[in-house]
Amino acid sequence: MTTTTSGAEAPVTRPQPVSLGEAFWVWLRIAALSFGGPAGQIAVMHRILVEEKRWIGEHRFLHALNYCMLLPGPEAQQLATYIGWLMHRTRGGIIAGGLFVLPGVVAIMALSWIYVLYGHVGLVVGLFFGLKSAVLAVVLQAVVRIGGRALKNNAMRTLAGSAFILIFFLNAPFPLIVLGAGLIGYCASRAGIAAFIVGGGHGASKGTIVSDADTLLGEELPAHANPTFGQAVRQASLWLILWLAPVAALLLLLGPSDVFTKIAAFFSTMAVVTFGGAYAALAYVAQQAVEGYHWLTAKEMLDGLGMAETTPGPLIMVLQFVGFIGAYRHPGTLPPLLAGTLGGLLATWVTFIPCFLWIFLGAPFIERLRGNVALSGALSAITAAVVGVILNLAIWFAIHTIFRSTVPVIAGPIHFAAPVVASVDPWAGALAALAILAVFRFRTGMFATLGAASAIGIALNLAGIVR
C-alpha cells in the first residue's frame, strides 16, 4: 500500500492499481450519466475520477482538459479518451472514448427513426415544439457559464465581442476566428501580458483539491508517455487509415456529388476545424448543413439538438441526426431508412475517429508540457473567442425558434439573417421565456426544464394551438 504526505497533513493512502476490466465498468457508469452537454459531462468525470475514485489529481485533470479544449471536436469525449489512455494505454483510451459515445449513437439513431416515421404525428410535433423552445435556455446558460469563467478581463471580453461580430455580421470562417484567437493568446502569454496568463477549461470542483501525489496515477510520467518516432508513425498511420480510407473509397466509387461522399467530406472537415468544443462545432454545422448543403431546416436542427440534450453521450451526437436526415432526403437507389441509417453512422465515424488520433498521437507529448504558460494562454484566448461563437449560436437559435421567417441583410461586407417581426410565434416566444426564467431565476435543472417544456408543447398540440 502506497502512502504520501501533503505538507504537515497526515499521510494519504493512494488507491490500489485498477484492472482494465474494473475500469470498464467505471467508464460505462460515466457514459450512462453523461447528460447535459460538455460542462455537465466534465463535471461527472471530475466527481467520479478525481473526487470519488482518486485515479487522477486536480492539476493533471485540468492539464488534460486544457489540451482537449485546444483540439477540434468534442472535448468531453476526448478527455475520457485521454484519461483512459493514461490509465491503460491505447486499449484503455479506446474503451473510455468508445463507451462515452456508444449510448448516444443508439439513442440518437432510435430517435431519428421515430422522427422521420412519426414526426408529423401530433404528439411528436408538440414534443419537439417544446424541446426546441427550451433548448434556447440551455444554450444561453452555456454562454453565461463559459463566459463567467473565461471573460475575466477586458482583453478576453474584447476577444469574445470581436469573435461574435466576425461570425454573425461578417460570416468570417469559424476556424480562422479560433485559430487567430489562439495565436493571439500564445504570443501574448509568451510576451508576459498578464491578461492572458490565466487558467482555462471548464473548471472543476470548488471543494477540496485532490493533489496529484495522492492519486493512483500520482505525479509520475507514465512509461507509455515516452513515445518513439516509430510508435508515433504507427499510431498516426492506423487512425488516419481508419478515418480517411472510407472517405477515399466513397469518393472513388460514388463520386464527389453523392450525398454519402459529401457527408464523409463535410464531417471530416468539421473534425479538423471545429476548435472550441461542442457548442462551437454546432455553430459551424448549423451554418453549413442548414444554409450551405440544405440537408435539413433550422427547425430540424433545433429538434436534433433537443434530442442530443436529452440523451446520454456527447452533445455533438446531433451530427449523427444531421447525417441521417441528409442521406434520408437523398437516398439514391437505397431505401430512405437504410440510407439515413448509413448516413448517420458515417457522420459519427468520421467525427469521432479523428478524436482518437488527436489523443493517441498528441497526449504523450502533452504530458510533458504540464504547466506550460504559452499553452495556457492560447487556451484562454480560444475559450474567450468561443464565448462569442456560442453567443452567435444562441442568437441563431432564438431567431429560428421565435420567428417563422427571416430576411437577408446585406450591406458591403455585412451579411446576416434578420427576423421578420410580423412572423413572430407568440407561443414559442412565451415558452422560451418561461424556460429562460426557470433556468436563470429559479435554477431549475436541465431535465426538469426540458421535460416541462415538452409537456407544455404536447398540451398546446392537444389544444389545437400547435400543429
# chains A, B, ... in the order shown; residues from 1 in each chain; ligands from 1
>>> residues_around(residues="Ile382 of chain A", least_positions_apart="4", cutoff="6 Å", atoms="only C-alpha atoms", output="NGL selection string")
:A and (178 or 181-182)
>>> select_by_dssp(residues="segment 388-443 of chain A", states="strand (DSSP E or B)", output="list in words")
Phe403, Thr406, Val407, Pro408, Val409, Ile410, Ala411, Ile414, His415, Phe416, Ala417, Ala418, Pro419 and Val424 of chain A
>>> write_last_selection(atoms="C-alpha atoms", output="CSV table (one decimal), in the first residue's frame")
chain,number,residue,atom,x,y,z
A,403,PHE,CA,-39.7,33.8,-35.7
A,406,THR,CA,-36.1,35.8,-41.8
A,407,VAL,CA,-34.8,38.2,-44.4
A,408,PRO,CA,-31.2,38.6,-45.5
A,409,VAL,CA,-29.5,41.9,-44.7
A,410,ILE,CA,-26.5,42.8,-47.0
A,411,ALA,CA,-24.5,46.0,-46.7
A,414,ILE,CA,-22.1,42.8,-43.6
A,415,HIS,CA,-24.3,39.8,-44.3
A,416,PHE,CA,-26.8,38.3,-41.8
A,417,ALA,CA,-30.3,37.0,-41.5
A,418,ALA,CA,-32.7,39.3,-39.7
A,419,PRO,CA,-36.0,38.1,-38.3
A,424,VAL,CA,-43.2,36.1,-34.5
>>> atom_distance(atom1="atom CA of Asp303 of chain A", atom2="atom CA of Leu131 of chain A")
7.0 Å
>>> closest_residue(among="A:Phe196, A:Tyr67, A:Phe168, A:Trp295", to="His330 of chain A", atoms="only C-alpha atoms")
A:Trp295
>>> residues_around(residues="Cys355 of chain A", least_positions_apart="3", cutoff="8 Å", atoms="only C-alpha atoms", output="number ranges by chain")
A: 73-74, 78, 271, 351-352, 358-359
>>> residues_around(residues="Arg29 of chain A", least_positions_apart="5", cutoff="10 Å", atoms="only C-alpha atoms", output="list in words")
Ala23, Phe24, Ser34, Val44, Met45, Ile48, Leu99 and Phe100 of chain A
>>> write_last_selection(atoms="C-alpha atoms", output="tab-separated table (two decimals), in the first residue's frame")
chain	number	residue	atom	x	y	z
A	23	ALA	CA	-12.10	0.42	-15.32
A	24	PHE	CA	-14.58	-0.76	-17.99
A	34	SER	CA	-23.20	11.78	-19.44
A	44	VAL	CA	-19.48	13.97	-13.85
A	45	MET	CA	-16.00	12.77	-14.82
A	48	ILE	CA	-16.11	10.16	-10.21
A	99	LEU	CA	-18.18	3.82	-24.30
A	100	PHE	CA	-18.64	7.57	-23.95
>>> residues_around(residues="Ala283 of chain A", least_positions_apart="2", cutoff="8 Å", atoms="only C-alpha atoms", output="number ranges by chain")
A: 279-281, 285-287, 389-390, 392-393
>>> residues_around(residues="Phe324 of chain A", least_positions_apart="4", cutoff="9 Å", atoms="only C-alpha atoms", output="PyMOL selection string")
chain A and resi 109+112-113+319-320+328-329+337+339-347
>>> write_last_selection(atoms="C-alpha atoms", output="short mmCIF file (atom, residue, chain, number, x, y, z; two decimals), in the first residue's frame")
data_model
loop_
_atom_site.label_atom_id
_atom_site.label_comp_id
_atom_site.auth_asym_id
_atom_site.auth_seq_id
_atom_site.Cartn_x
_atom_site.Cartn_y
_atom_site.Cartn_z
CA MET A 109 -30.41 6.59 -34.11
CA SER A 112 -34.01 9.69 -35.79
CA TRP A 113 -36.15 6.76 -36.95
CA LEU A 319 -24.28 15.40 -36.04
CA GLN A 320 -25.48 11.81 -36.43
CA TYR A 328 -32.67 10.08 -45.82
CA ARG A 329 -33.63 13.00 -48.07
CA LEU A 337 -34.38 4.49 -43.88
CA ALA A 339 -29.70 5.42 -46.44
CA GLY A 340 -30.42 7.53 -43.38
CA THR A 341 -29.00 4.92 -41.02
CA LEU A 342 -25.82 4.61 -43.08
CA GLY A 343 -25.53 8.39 -43.38
CA GLY A 344 -25.88 8.84 -39.63
CA LEU A 345 -23.31 6.15 -38.83
CA LEU A 346 -20.93 7.57 -41.45
CA ALA A 347 -21.18 11.04 -39.90
#
>>> atom_distance(atom1="atom CA of Ala308 of chain A", atom2="atom CA of Arg60 of chain A")
29.1 Å
>>> closest_atom_pairs(of="segment 289-380 of chain A", to="segment 223-245 of chain A", cutoff="10 Å", atoms="only C-alpha atoms", output="tab-separated table")
residue	atom	partner	partner_atom	distance
A:Trp349	CA	A:Trp243	CA	7.5
A:Val350	CA	A:Trp243	CA	5.9
A:Thr351	CA	A:Trp243	CA	8.8
A:Phe352	CA	A:Trp243	CA	8.8
A:Ile353	CA	A:Trp243	CA	5.8
A:Pro354	CA	A:Trp243	CA	6.6
A:Cys355	CA	A:Trp239	CA	9.4
A:Phe356	CA	A:Trp239	CA	7.3
A:Leu357	CA	A:Trp239	CA	5.5
A:Trp358	CA	A:Ala236	CA	8.9
A:Phe360	CA	A:Gln235	CA	6.9
A:Leu361	CA	A:Ala232	CA	6.1
A:Gly362	CA	A:Ala232	CA	8.8
A:Ala363	CA	A:Ala225	CA	7.5
A:Pro364	CA	A:Ala225	CA	4.2
A:Phe365	CA	A:Ala225	CA	7.0
A:Ile366	CA	A:Ala225	CA	8.9
A:Glu367	CA	A:Ala225	CA	6.9
A:Arg368	CA	A:Ala225	CA	8.1
>>> closest_residue(among="A:Leu111, A:Leu127, A:Ala96, A:Val105", to="Leu462 of chain A", atoms="only C-alpha atoms")
A:Leu127
